[in-house]
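Data file: run14.cif. Format and content: mmCIF, C-alpha atoms.
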data_target
loop_
_atom_site.group_PDB
_atom_site.id
_atom_site.type_symbol
_atom_site.label_atom_id
_atom_site.label_comp_id
_atom_site.auth_asym_id
_atom_site.auth_seq_id
_atom_site.Cartn_x
_atom_site.Cartn_y
_atom_site.Cartn_z
ATOM 1 C CA MET A 18 80.726 83.893 182.108
ATOM 2 C CA PRO A 19 77.667 82.439 180.379
ATOM 3 C CA ILE A 20 78.017 79.120 178.612
ATOM 4 C CA ASN A 21 77.248 79.948 175.028
ATOM 5 C CA GLY A 22 78.538 78.525 171.812
ATOM 6 C CA MET A 23 78.876 75.040 173.377
ATOM 7 C CA THR A 24 76.741 71.956 172.824
ATOM 8 C CA ILE A 25 76.575 69.651 175.822
ATOM 9 C CA LEU A 26 75.639 66.035 176.499
ATOM 10 C CA PHE A 27 74.811 65.243 180.136
ATOM 11 C CA ALA A 28 74.991 61.757 181.678
ATOM 12 C CA GLY A 29 73.732 61.362 185.234
ATOM 13 C CA SER A 30 71.317 59.442 187.406
ATOM 14 C CA GLY A 31 71.738 60.319 191.083
ATOM 15 C CA GLU A 32 70.628 63.425 192.948
ATOM 16 C CA PHE A 33 74.220 64.678 193.128
ATOM 17 C CA GLY A 34 74.125 65.853 189.503
ATOM 18 C CA ALA A 35 70.814 67.716 189.762
ATOM 19 C CA ALA A 36 72.311 71.024 190.932
ATOM 20 C CA THR A 37 74.751 71.101 188.014
ATOM 21 C CA LEU A 38 72.097 70.196 185.436
ATOM 22 C CA THR A 39 69.821 72.878 186.884
ATOM 23 C CA ARG A 40 72.589 75.481 186.656
ATOM 24 C CA LEU A 41 73.337 74.556 183.036
ATOM 25 C CA ILE A 42 69.662 74.761 182.111
ATOM 26 C CA ASP A 43 69.274 78.113 183.900
ATOM 27 C CA ALA A 44 72.361 79.388 182.063
ATOM 28 C CA GLU A 45 70.584 78.510 178.794
ATOM 29 C CA ALA A 46 73.326 76.075 177.857
ATOM 30 C CA ALA A 47 72.711 74.105 174.671
ATOM 31 C CA ILE A 48 72.034 70.714 176.264
ATOM 32 C CA VAL A 49 71.577 68.417 173.287
ATOM 33 C CA ARG A 50 70.578 65.335 175.255
ATOM 34 C CA VAL A 51 70.508 63.904 178.770
ATOM 35 C CA TYR A 52 71.296 60.231 179.384
ATOM 36 C CA THR A 53 70.175 58.491 182.562
ATOM 37 C CA GLN A 54 69.466 55.040 183.972
ATOM 38 C CA PRO A 55 66.112 53.366 183.265
ATOM 39 C CA ASP A 56 63.204 53.815 185.671
ATOM 40 C CA ARG A 57 63.469 51.458 188.659
ATOM 41 C CA PRO A 58 60.935 50.003 191.127
ATOM 42 C CA ALA A 59 60.903 52.064 194.316
ATOM 43 C CA GLY A 60 58.913 52.392 197.511
ATOM 44 C CA ARG A 61 56.614 49.925 199.171
ATOM 45 C CA GLY A 62 54.521 49.547 196.056
ATOM 46 C CA LYS A 63 57.597 48.998 193.873
ATOM 47 C CA LYS A 64 56.277 51.553 191.405
ATOM 48 C CA LEU A 65 58.561 52.313 188.462
ATOM 49 C CA THR A 66 60.253 55.582 189.355
ATOM 50 C CA PRO A 67 62.476 57.769 187.158
ATOM 51 C CA THR A 68 65.911 58.848 188.367
ATOM 52 C CA PRO A 69 66.226 62.328 189.888
ATOM 53 C CA ILE A 70 67.960 63.442 186.679
ATOM 54 C CA ALA A 71 65.153 62.072 184.485
ATOM 55 C CA GLN A 72 62.577 63.853 186.630
ATOM 56 C CA LEU A 73 64.473 67.135 186.355
ATOM 57 C CA ALA A 74 65.036 66.853 182.597
ATOM 58 C CA ASP A 75 61.384 65.992 181.976
ATOM 59 C CA ALA A 76 60.211 68.906 184.144
ATOM 60 C CA ARG A 77 62.498 71.371 182.335
ATOM 61 C CA GLY A 78 61.708 70.119 178.828
ATOM 62 C CA VAL A 79 65.167 68.694 178.086
ATOM 63 C CA ASN A 80 65.488 65.689 175.777
ATOM 64 C CA VAL A 81 66.236 62.679 178.025
ATOM 65 C CA VAL A 82 67.120 59.107 177.067
ATOM 66 C CA ARG A 83 66.766 56.307 179.606
ATOM 67 C CA THR A 84 69.352 53.670 178.805
ATOM 68 C CA SER A 85 70.862 50.624 180.465
ATOM 69 C CA ASP A 86 73.949 50.913 178.226
ATOM 70 C CA ILE A 87 75.093 54.294 176.992
ATOM 71 C CA ASN A 88 77.850 52.560 175.020
ATOM 72 C CA ALA A 89 75.226 51.074 172.712
ATOM 73 C CA GLU A 90 73.575 54.447 172.038
ATOM 74 C CA SER A 91 74.079 56.560 168.943
ATOM 75 C CA LEU A 92 75.238 59.882 170.352
ATOM 76 C CA PRO A 93 74.552 63.156 168.545
ATOM 77 C CA PRO A 94 77.418 65.578 167.834
ATOM 78 C CA ALA A 95 78.414 67.707 170.832
ATOM 79 C CA ASP A 96 81.317 69.763 172.155
ATOM 80 C CA VAL A 97 81.534 68.080 175.561
ATOM 81 C CA MET A 98 79.866 65.484 177.774
ATOM 82 C CA VAL A 99 79.352 66.115 181.496
ATOM 83 C CA VAL A 100 79.121 62.936 183.586
ATOM 84 C CA ILE A 101 77.950 63.024 187.218
ATOM 85 C CA ALA A 102 76.849 60.026 189.316
ATOM 86 C CA PHE A 103 75.749 58.161 186.195
ATOM 87 C CA GLY A 104 76.246 54.598 187.387
ATOM 88 C CA GLN A 105 77.589 53.017 184.197
ATOM 89 C CA LYS A 106 81.099 52.340 182.916
ATOM 90 C CA ILE A 107 81.570 54.427 179.794
ATOM 91 C CA ALA A 108 83.627 53.066 176.906
ATOM 92 C CA PRO A 109 86.455 55.053 175.273
ATOM 93 C CA HIS A 110 84.511 55.616 172.026
ATOM 94 C CA VAL A 111 81.800 57.392 174.029
ATOM 95 C CA ILE A 112 84.259 59.327 176.201
ATOM 96 C CA ASP A 113 86.061 60.617 173.122
ATOM 97 C CA HIS A 114 82.937 61.264 171.057
ATOM 98 C CA PRO A 115 82.511 64.991 171.885
ATOM 99 C CA LYS A 116 84.896 67.608 170.486
ATOM 100 C CA PHE A 117 86.414 68.384 173.924
ATOM 101 C CA GLY A 118 85.926 64.895 175.324
ATOM 102 C CA SER A 119 84.107 64.095 178.576
ATOM 103 C CA ILE A 120 84.442 65.491 182.084
ATOM 104 C CA ASN A 121 83.311 64.170 185.455
ATOM 105 C CA LEU A 122 82.401 65.854 188.754
ATOM 106 C CA HIS A 123 83.654 63.808 191.721
ATOM 107 C CA ALA A 124 82.962 64.680 195.369
ATOM 108 C CA SER A 125 86.474 64.582 196.792
ATOM 109 C CA LEU A 126 89.837 66.265 196.462
ATOM 110 C CA LEU A 127 91.348 63.695 194.137
ATOM 111 C CA PRO A 128 93.455 61.614 194.279
ATOM 112 C CA LYS A 129 91.950 61.077 197.768
ATOM 113 C CA TYR A 130 88.764 59.019 197.959
ATOM 114 C CA ARG A 131 88.376 57.534 194.512
ATOM 115 C CA GLY A 132 85.302 55.358 194.299
ATOM 116 C CA ALA A 133 81.589 55.168 194.986
ATOM 117 C CA ALA A 134 81.351 56.712 198.476
ATOM 118 C CA PRO A 135 83.798 59.615 198.848
ATOM 119 C CA ILE A 136 81.476 61.752 200.986
ATOM 120 C CA HIS A 137 80.765 58.943 203.440
ATOM 121 C CA TRP A 138 84.425 58.066 203.894
ATOM 122 C CA ALA A 139 85.569 61.658 204.316
ATOM 123 C CA ILE A 140 83.302 61.962 207.372
ATOM 124 C CA VAL A 141 83.957 58.430 208.653
ATOM 125 C CA ASN A 142 87.698 59.103 208.549
ATOM 126 C CA GLY A 143 87.333 62.373 210.441
ATOM 127 C CA GLU A 144 88.406 64.729 207.652
ATOM 128 C CA ALA A 145 88.000 68.447 208.356
ATOM 129 C CA ILE A 146 88.107 69.472 204.682
ATOM 130 C CA THR A 147 86.861 67.880 201.494
ATOM 131 C CA GLY A 148 85.764 69.309 198.144
ATOM 132 C CA ASN A 149 84.980 68.641 194.519
ATOM 133 C CA SER A 150 87.147 67.721 191.557
ATOM 134 C CA VAL A 151 86.303 68.081 187.882
ATOM 135 C CA ILE A 152 88.402 65.598 185.949
ATOM 136 C CA ARG A 153 88.821 64.118 182.530
ATOM 137 C CA LEU A 154 86.811 60.923 182.292
ATOM 138 C CA ALA A 155 89.280 58.052 182.123
ATOM 139 C CA ASN A 156 89.184 54.287 181.782
ATOM 140 C CA LYS A 157 90.616 53.863 185.297
ATOM 141 C CA MET A 158 88.222 54.838 188.085
ATOM 142 C CA ASP A 159 88.454 58.543 188.984
ATOM 143 C CA ALA A 160 92.034 58.713 187.687
ATOM 144 C CA GLY A 161 91.691 61.352 184.972
ATOM 145 C CA ALA A 162 93.585 64.630 184.861
ATOM 146 C CA VAL A 163 92.209 67.346 187.153
ATOM 147 C CA LEU A 164 90.665 70.393 185.451
ATOM 148 C CA GLY A 165 89.443 72.168 188.566
ATOM 149 C CA GLN A 166 88.942 71.733 192.304
ATOM 150 C CA SER A 167 87.160 73.437 195.181
ATOM 151 C CA GLN A 168 87.429 73.044 198.957
ATOM 152 C CA VAL A 169 84.573 72.648 201.439
ATOM 153 C CA ASN A 170 84.883 72.551 205.232
ATOM 154 C CA ILE A 171 83.118 69.667 206.986
ATOM 155 C CA GLY A 172 80.978 70.672 209.970
ATOM 156 C CA GLN A 173 81.729 69.054 213.319
ATOM 157 C CA THR A 174 78.276 67.476 213.517
ATOM 158 C CA GLU A 175 77.526 67.309 209.786
ATOM 159 C CA THR A 176 76.074 64.129 208.289
ATOM 160 C CA THR A 177 76.773 62.611 204.904
ATOM 161 C CA GLY A 178 73.296 63.626 203.727
ATOM 162 C CA GLU A 179 73.948 67.271 204.552
ATOM 163 C CA LEU A 180 77.445 67.317 203.091
ATOM 164 C CA HIS A 181 76.164 65.604 199.930
ATOM 165 C CA GLU A 182 73.777 68.494 199.346
ATOM 166 C CA ARG A 183 76.412 71.175 200.007
ATOM 167 C CA LEU A 184 78.928 69.514 197.695
ATOM 168 C CA ALA A 185 76.306 69.159 194.959
ATOM 169 C CA GLN A 186 75.624 72.889 195.141
ATOM 170 C CA ASP A 187 79.343 73.679 195.284
ATOM 171 C CA GLY A 188 80.089 71.515 192.248
ATOM 172 C CA ALA A 189 77.697 73.294 189.888
ATOM 173 C CA PRO A 190 79.686 76.553 189.454
ATOM 174 C CA LEU A 191 82.919 74.552 189.320
ATOM 175 C CA VAL A 192 81.626 72.541 186.354
ATOM 176 C CA GLU A 193 80.434 75.738 184.664
ATOM 177 C CA ARG A 194 83.860 77.323 185.123
ATOM 178 C CA VAL A 195 85.656 74.332 183.620
ATOM 179 C CA LEU A 196 83.273 74.275 180.665
ATOM 180 C CA THR A 197 83.964 77.921 179.872
ATOM 181 C CA GLU A 198 87.720 77.295 180.162
ATOM 182 C CA LEU A 199 87.461 74.372 177.748
ATOM 183 C CA ARG A 200 85.475 76.512 175.339
ATOM 184 C CA ASP A 201 87.929 79.409 175.561
ATOM 185 C CA GLY A 202 90.997 77.189 175.242
ATOM 186 C CA ASN A 203 92.541 78.101 178.616
ATOM 187 C CA ALA A 204 91.718 74.982 180.644
ATOM 188 C CA ILE A 205 94.672 73.619 182.649
ATOM 189 C CA GLU A 206 94.969 69.859 183.110
ATOM 190 C CA THR A 207 96.991 68.479 186.010
ATOM 191 C CA GLU A 208 97.778 64.790 186.228
ATOM 192 C CA GLN A 209 96.929 63.194 189.570
ATOM 193 C CA ASP A 210 99.688 61.826 191.774
ATOM 194 C CA HIS A 211 98.499 58.229 191.609
ATOM 195 C CA SER A 212 100.798 57.219 194.479
ATOM 196 C CA LEU A 213 98.600 59.286 196.820
ATOM 197 C CA ALA A 214 95.323 57.708 195.706
ATOM 198 C CA THR A 215 92.957 56.330 198.354
ATOM 199 C CA ILE A 216 89.806 54.330 197.764
ATOM 200 C CA ALA A 217 86.264 55.032 198.986
ATOM 201 C CA PRO A 218 84.367 51.806 198.302
ATOM 202 C CA LYS A 219 80.601 51.422 198.464
ATOM 203 C CA LEU A 220 79.317 50.915 202.000
ATOM 204 C CA SER A 221 77.121 48.126 203.350
ATOM 205 C CA ARG A 222 75.160 47.507 206.533
ATOM 206 C CA GLU A 223 78.027 45.383 207.826
ATOM 207 C CA LYS A 224 80.130 48.560 208.007
ATOM 208 C CA SER A 225 77.548 50.225 210.274
ATOM 209 C CA VAL A 226 78.208 48.051 213.330
ATOM 210 C CA ILE A 227 79.490 50.235 216.177
ATOM 211 C CA ASP A 228 82.514 48.944 218.066
ATOM 212 C CA TRP A 229 82.253 50.549 221.500
ATOM 213 C CA SER A 230 85.871 49.621 222.209
ATOM 214 C CA ARG A 231 86.937 52.442 219.901
ATOM 215 C CA ASP A 232 87.433 56.108 220.812
ATOM 216 C CA ALA A 233 84.499 58.511 220.904
ATOM 217 C CA GLY A 234 85.681 60.561 217.927
ATOM 218 C CA SER A 235 85.841 57.530 215.639
ATOM 219 C CA ILE A 236 82.399 56.336 216.715
ATOM 220 C CA SER A 237 80.836 59.766 216.242
ATOM 221 C CA SER A 238 82.393 60.072 212.784
ATOM 222 C CA LEU A 239 81.065 56.629 211.841
ATOM 223 C CA VAL A 240 77.519 57.517 212.882
ATOM 224 C CA ARG A 241 77.481 60.791 210.948
ATOM 225 C CA GLY A 242 79.290 59.310 207.959
ATOM 226 C CA LEU A 243 76.709 56.556 207.607
ATOM 227 C CA SER A 244 73.716 58.868 207.967
ATOM 228 C CA PRO A 245 71.261 58.640 206.296
ATOM 229 C CA TRP A 246 72.407 55.349 204.727
ATOM 230 C CA PRO A 247 73.120 52.645 205.687
ATOM 231 C CA GLY A 248 72.625 54.069 209.166
ATOM 232 C CA CYS A 249 73.964 52.884 212.514
ATOM 233 C CA ARG A 250 71.068 50.923 214.009
ATOM 234 C CA VAL A 251 70.991 49.913 217.667
ATOM 235 C CA ARG A 252 68.792 48.089 220.140
ATOM 236 C CA VAL A 253 68.111 49.953 223.384
ATOM 237 C CA MET A 254 68.516 47.271 226.051
ATOM 238 C CA ASP A 255 67.320 47.287 229.649
ATOM 239 C CA GLY A 256 69.262 44.377 231.036
ATOM 240 C CA GLU A 257 68.412 41.486 228.730
ATOM 241 C CA ASN A 258 65.217 43.127 227.468
ATOM 242 C CA GLU A 259 65.027 45.069 224.206
ATOM 243 C CA ILE A 260 62.863 48.142 224.765
ATOM 244 C CA ALA A 261 63.388 50.003 221.456
ATOM 245 C CA ARG A 262 65.225 50.059 218.144
ATOM 246 C CA VAL A 263 66.631 53.324 216.819
ATOM 247 C CA THR A 264 69.032 54.590 214.170
ATOM 248 C CA LEU A 265 71.635 57.051 215.417
ATOM 249 C CA VAL A 266 71.636 60.076 213.082
ATOM 250 C CA ARG A 267 73.847 62.795 214.583
ATOM 251 C CA THR A 268 76.408 62.558 217.336
ATOM 252 C CA LYS A 269 79.331 64.429 218.806
ATOM 253 C CA THR A 270 82.160 63.661 221.177
ATOM 254 C CA SER A 271 81.170 64.091 224.812
ATOM 255 C CA PRO A 272 83.316 66.176 227.175
ATOM 256 C CA ALA A 273 83.723 63.003 229.247
ATOM 257 C CA GLU A 274 87.367 62.021 229.520
ATOM 258 C CA PRO A 275 88.536 58.540 228.515
ATOM 259 C CA ASP A 276 88.685 56.302 231.577
ATOM 260 C CA PRO A 277 91.036 53.323 231.151
ATOM 261 C CA THR A 278 89.660 51.772 234.363
ATOM 262 C CA LEU A 279 86.154 51.337 232.910
ATOM 263 C CA GLN A 280 85.114 47.741 232.589
ATOM 264 C CA GLN A 281 84.256 46.397 229.145
ATOM 265 C CA SER A 282 80.747 45.702 230.415
ATOM 266 C CA THR A 283 80.110 49.473 230.597
ATOM 267 C CA TRP A 284 80.923 50.105 226.923
ATOM 268 C CA GLY A 285 77.778 51.103 225.034
ATOM 269 C CA THR A 286 76.009 52.014 228.299
ATOM 270 C CA ILE A 287 74.203 55.327 228.814
ATOM 271 C CA ASP A 288 75.796 57.342 231.624
ATOM 272 C CA ALA A 289 74.302 59.828 234.081
ATOM 273 C CA HIS A 290 74.610 62.643 231.522
ATOM 274 C CA GLY A 291 72.731 60.713 228.815
ATOM 275 C CA SER A 292 75.895 60.088 226.803
ATOM 276 C CA VAL A 293 77.044 56.642 225.704
ATOM 277 C CA ARG A 294 80.263 55.367 227.199
ATOM 278 C CA CYS A 295 82.957 53.785 225.073
ATOM 279 C CA ALA A 296 86.522 52.687 225.700
ATOM 280 C CA GLY A 297 87.759 56.123 224.621
ATOM 281 C CA GLY A 298 85.394 58.548 226.376
ATOM 282 C CA ALA A 299 81.716 59.009 225.544
ATOM 283 C CA VAL A 300 79.478 59.880 222.609
ATOM 284 C CA THR A 301 76.635 62.402 222.894
ATOM 285 C CA VAL A 302 73.623 61.551 220.735
ATOM 286 C CA LEU A 303 72.062 64.705 219.276
ATOM 287 C CA GLU A 304 69.550 63.159 216.874
ATOM 288 C CA LEU A 305 68.109 59.692 216.335
ATOM 289 C CA GLN A 306 65.319 57.958 214.440
ATOM 290 C CA PRO A 307 63.010 55.487 216.176
ATOM 291 C CA GLU A 308 62.076 52.495 214.040
ATOM 292 C CA GLY A 309 59.192 53.457 211.755
ATOM 293 C CA LYS A 310 59.305 57.126 212.816
ATOM 294 C CA ARG A 311 60.917 60.366 211.694
ATOM 295 C CA SER A 312 64.274 61.612 212.941
ATOM 296 C CA MET A 313 64.098 63.683 216.111
ATOM 297 C CA SER A 314 66.324 65.289 218.699
ATOM 298 C CA LEU A 315 67.305 63.231 221.728
ATOM 299 C CA ASP A 316 65.343 65.656 223.913
ATOM 300 C CA ALA A 317 62.199 64.974 221.850
ATOM 301 C CA TYR A 318 62.844 61.234 221.997
ATOM 302 C CA ARG A 319 63.094 61.313 225.787
ATOM 303 C CA ASN A 320 59.592 62.756 226.052
ATOM 304 C CA GLY A 321 57.748 59.534 226.753
ATOM 305 C CA ARG A 322 60.615 57.153 225.880
ATOM 306 C CA SER A 323 63.299 55.620 228.045
ATOM 307 C CA TRP A 324 66.844 56.982 227.759
ATOM 308 C CA HIS A 325 68.506 56.917 231.147
ATOM 309 C CA ALA A 326 71.629 55.791 232.930
ATOM 310 C CA GLY A 327 72.181 52.062 232.837
ATOM 311 C CA LEU A 328 70.470 51.338 229.507
ATOM 312 C CA ARG A 329 72.758 49.805 226.897
ATOM 313 C CA LEU A 330 72.968 50.311 223.128
ATOM 314 C CA GLU A 331 73.583 47.113 221.208
ATOM 315 C CA SER A 332 74.567 47.519 217.556
ATOM 316 C CA ILE A 333 72.535 45.819 214.816
ATOM 317 C CA ALA A 334 74.211 44.782 211.541
#
For this file, write the structure as structure tokens.
Amino acid sequence: MPINGMTILFAGSGEFGAATLTRLIDAEAAIVRVYTQPDRPAGRGKKLTPTPIAQLADARGVNVVRTSDINAESLPPADVMVVIAFGQKIAPHVIDHPKFGSINLHASLLPKYRGAAPIHWAIVNGEAITGNSVIRLANKMDAGAVLGQSQVNIGQTETTGELHERLAQDGAPLVERVLTELRDGNAIETEQDHSLATIAPKLSREKSVIDWSRDAGSISSLVRGLSPWPGCRVRVMDGENEIARVTLVRTKTSPAEPDPTLQQSTWGTIDAHGSVRCAGGAVTVLELQPEGKRSMSLDAYRNGRSWHAGLRLESIA
């Protein structure tokens, strides 16, 4: 159902909200104003760069305000505010300003994975299914009542970057559906079971260190969950000599069976099949990124580069 008869404020900064904003614009929704973070230095030249949402709003002719504090802004009248990956804590007087209040799109099946990195942690923890939740914006992080949810299967070799894009696309029609239900007065709000809440905190490079004493499934999930950022970086070692630095991008569990008799000295070592041994089996590297180069398949990497039995991968924090 088209979104008509509703005036909308949109608050977002990151790429995750772009698909929803695009859908609302294409549906000819009455977007009164877009709020986003100020332009930031980016790239080697540290050139001031607008957020993905600012770029989209400017390109589509939507009124956009760059602000470091939305709570200090004078908001125009509106029926609802849609908040997606905005990056600021929003005060109650702003949340309650629109007629129908404010809603938020969050990339998990709440109450699981509240916090800044729900997509990363879903893959890191080996989840098979995730999804999106549209919730009431609340003072407590991601704790508002649920207005709608959708489920998305996680691919066996899918990375966080890929799942991020699929969830962004999946969230757009979900937000549109909730908006029409709010407008028509048939939205259903379900309180979260707060006792089941889990947290998905922001990740850092320290979390990207691979522990080869773990099982192959956990290591593979870590690599894919931290791709593209912060990335699991490793040194390729030939004895005591470093011969390359790469970031592991995509991995899967090798058919190799766990061997409890393997010595600790073999963990992280490339075996005869090109897989990397760990305490719980082996990890097959499907894609990696040499330092300063683009991502490539392992087969492409091996054309002219060393990747053979006996080399060792040493994790870099």
Can you check which parts of segment 183-221 of chain A lie within 12 Å of segment 100-107 of chain A? Per residue, the shortest pair of atoms and distance in Å to one decimal, counting only C-alpha atoms, sorted by chain and number, as CSV.
residue,atom,partner,partner_atom,distance
A:Ala185,CA,A:Ile101,CA,10.0
A:Gly188,CA,A:Ile101,CA,10.1
A:Ala189,CA,A:Ile101,CA,10.6
A:Val192,CA,A:Ile101,CA,10.2
Proximity of segment 107-148 of chain A to segment 21-26 of chain A: per-residue shortest pair, 10 Å limit, all atoms listed in the file, as a Markdown table:
| residue | atom | partner | partner_atom | distance |
| --- | --- | --- | --- | --- |
| A:Pro115 | CA | A:Leu26 | CA | 8.3 |
| A:Lys116 | CA | A:Thr24 | CA | 9.5 |
| A:Ser119 | CA | A:Leu26 | CA | 8.9 |
Here is a test: counting all atoms listed in the file, which residue of A:Glu331, A:Glu193, A:Asp187, A:Glu198 is nearest to Glu257 of chain A?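 Closest to Glu257 of chain A of all the choices is A:Glu331.
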Hey, what comes out of the PyMOL selection byres ((chain A and resi 280-293) around 8) on this file? Could you write it as an NGL selection string? :A and (229-230 or 271 or 278-279 or 294-296 or 299-302 or 324-331)
Can you give me, as JSON, numbers by chain, the residues this file yields under the PyMOL selection byres ((chain A and resi 167-174) around 6)? {"A": [145, 146, 147, 148, 149, 166, 175]}
Create the file for the chosen residues now, containing C-alpha atoms and written as a PDB file, in the coordinates of the input.
ATOM      1  CA  ALA A 145      88.000  68.447 208.356  1.00  0.00           C
ATOM      2  CA  ILE A 146      88.107  69.472 204.682  1.00  0.00           C
ATOM      3  CA  THR A 147      86.861  67.880 201.494  1.00  0.00           C
ATOM      4  CA  GLY A 148      85.764  69.309 198.144  1.00  0.00           C
ATOM      5  CA  ASN A 149      84.980  68.641 194.519  1.00  0.00           C
ATOM      6  CA  GLN A 166      88.942  71.733 192.304  1.00  0.00           C
ATOM      7  CA  GLU A 175      77.526  67.309 209.786  1.00  0.00           C
TER       8      GLU A 175
END
Care to translate the PyMOL selection byres ((chain A and resi 48) around 8) into actual residues of this file, as JSON, numbers by chain? {"A": [24, 25, 26, 27, 41, 42, 46, 47, 49, 50, 51, 79]}
Please produce a file of those selected residues containing C-alpha atoms, as a compact mmCIF listing (two decimals), in the coordinates of the input.
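Saved result, selection39.txt, follows:
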# COMPACT_ATOMS: atom_id res chain seq x y z
CA THR A 24 76.74 71.96 172.82
CA ILE A 25 76.58 69.65 175.82
CA LEU A 26 75.64 66.04 176.50
CA PHE A 27 74.81 65.24 180.14
CA LEU A 41 73.34 74.56 183.04
CA ILE A 42 69.66 74.76 182.11
CA ALA A 46 73.33 76.08 177.86
CA ALA A 47 72.71 74.10 174.67
CA VAL A 49 71.58 68.42 173.29
CA ARG A 50 70.58 65.33 175.26
CA VAL A 51 70.51 63.90 178.77
CA VAL A 79 65.17 68.69 178.09
How big is the axis-aligned box around all listed atoms of segment 60-77 of chain A once 3 Å goes on each side, and where's its centre, in Å to one decimal, as JSON?
{"center_x": 61.2, "center_y": 60.2, "center_z": 190.6, "size_x": 19.4, "size_y": 28.4, "size_z": 23.2}
Top pick for closest residue to Val163 of chain A, considering A:Ser85, A:Ser91, A:Thr207, A:Ser221 and counting only C-alpha atoms: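 Selected residue with least distance to Val163 of chain A: A:Thr207.
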Name the closest residue to Ser244 of chain A among the candidates A:Val141, A:Ile120, A:Ile87, A:Ala155; distances are taken between atoms, counting only C-alpha atoms.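 When distances to Ser244 of chain A are compared using only C-alpha atoms, the smallest one comes from A:Val141.
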Do you know which residues are at most 12 Å from segment 138-140 of chain A counting all atoms listed in the file, after dropping those on the same chain fewer than 3 positions away, and could you put them as JSON, numbers by chain? {"A": [124, 125, 126, 127, 129, 130, 131, 132, 133, 134, 135, 143, 144, 145, 146, 147, 148, 169, 170, 171, 172, 173, 174, 175, 176, 177, 178, 179, 180, 181, 215, 216, 217, 218, 219, 220, 224, 234, 235, 236, 237, 238, 239, 240, 241, 242, 243, 244, 267]}
Quote the spacing between atom CA of Gly298 of chain A and atom CA of Asp255 of chain A in Å to one decimal place. 21.5 Å
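Closest approach to Ile260 of chain A among A:Asn142, A:Asn88, A:Ser323, A:Ser30: A:Ser323, based on all atoms listed in the file.
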Pick from A:Leu122, A:Val99, A:Ala44, A:Cys249: nearest to Arg222 of chain A, with only C-alpha atoms counted?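 Residue with the minimum atom-to-atom distance to Arg222 of chain A: A:Cys249.
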Compare A:Gln72, A:Thr270, A:Asn80, A:Asn156 by their minimum atom-to-atom distance to Pro109 of chain A, counting all atoms listed in the file, and give me the closest one.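 Of all the options, A:Asn156 lies closest to Pro109 of chain A.
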Please return segment 69-82 of chain A, rebuilt to N, CA and C atoms, as a JSON list (two decimals), in the coordinates of the input.
[["chain", "number", "residue", "atom", "x", "y", "z"],
["A", 69, "PRO", "N", 66.35, 60.89, 189.65],
["A", 69, "PRO", "CA", 66.23, 62.33, 189.89],
["A", 69, "PRO", "C", 66.59, 63.16, 188.66],
["A", 70, "ILE", "N", 67.56, 62.70, 187.87],
["A", 70, "ILE", "CA", 67.96, 63.44, 186.68],
["A", 70, "ILE", "C", 66.87, 63.37, 185.61],
["A", 71, "ALA", "N", 66.25, 62.20, 185.45],
["A", 71, "ALA", "CA", 65.15, 62.07, 184.48],
["A", 71, "ALA", "C", 63.99, 62.97, 184.89],
["A", 72, "GLN", "N", 63.66, 63.00, 186.16],
["A", 72, "GLN", "CA", 62.58, 63.85, 186.63],
["A", 72, "GLN", "C", 62.86, 65.32, 186.34],
["A", 73, "LEU", "N", 64.10, 65.74, 186.59],
["A", 73, "LEU", "CA", 64.47, 67.14, 186.36],
["A", 73, "LEU", "C", 64.43, 67.47, 184.87],
["A", 74, "ALA", "N", 65.01, 66.60, 184.04],
["A", 74, "ALA", "CA", 65.04, 66.85, 182.60],
["A", 74, "ALA", "C", 63.62, 66.91, 182.02],
["A", 75, "ASP", "N", 62.77, 65.98, 182.45],
["A", 75, "ASP", "CA", 61.38, 65.99, 181.98],
["A", 75, "ASP", "C", 60.67, 67.28, 182.38],
["A", 76, "ALA", "N", 60.88, 67.70, 183.64],
["A", 76, "ALA", "CA", 60.21, 68.91, 184.14],
["A", 76, "ALA", "C", 60.68, 70.16, 183.43],
["A", 77, "ARG", "N", 61.94, 70.19, 182.98],
["A", 77, "ARG", "CA", 62.50, 71.37, 182.34],
["A", 77, "ARG", "C", 62.47, 71.27, 180.81],
["A", 78, "GLY", "N", 61.86, 70.23, 180.27],
["A", 78, "GLY", "CA", 61.71, 70.12, 178.83],
["A", 78, "GLY", "C", 62.98, 69.80, 178.08],
["A", 79, "VAL", "N", 63.91, 69.08, 178.73],
["A", 79, "VAL", "CA", 65.17, 68.69, 178.09],
["A", 79, "VAL", "C", 65.05, 67.26, 177.57],
["A", 80, "ASN", "N", 65.54, 67.02, 176.38],
["A", 80, "ASN", "CA", 65.49, 65.69, 175.78],
["A", 80, "ASN", "C", 66.27, 64.70, 176.64],
["A", 81, "VAL", "N", 65.60, 63.65, 177.14],
["A", 81, "VAL", "CA", 66.24, 62.68, 178.02],
["A", 81, "VAL", "C", 66.05, 61.27, 177.49],
["A", 82, "VAL", "N", 67.13, 60.50, 177.52],
["A", 82, "VAL", "CA", 67.12, 59.11, 177.07],
["A", 82, "VAL", "C", 67.43, 58.22, 178.26]]
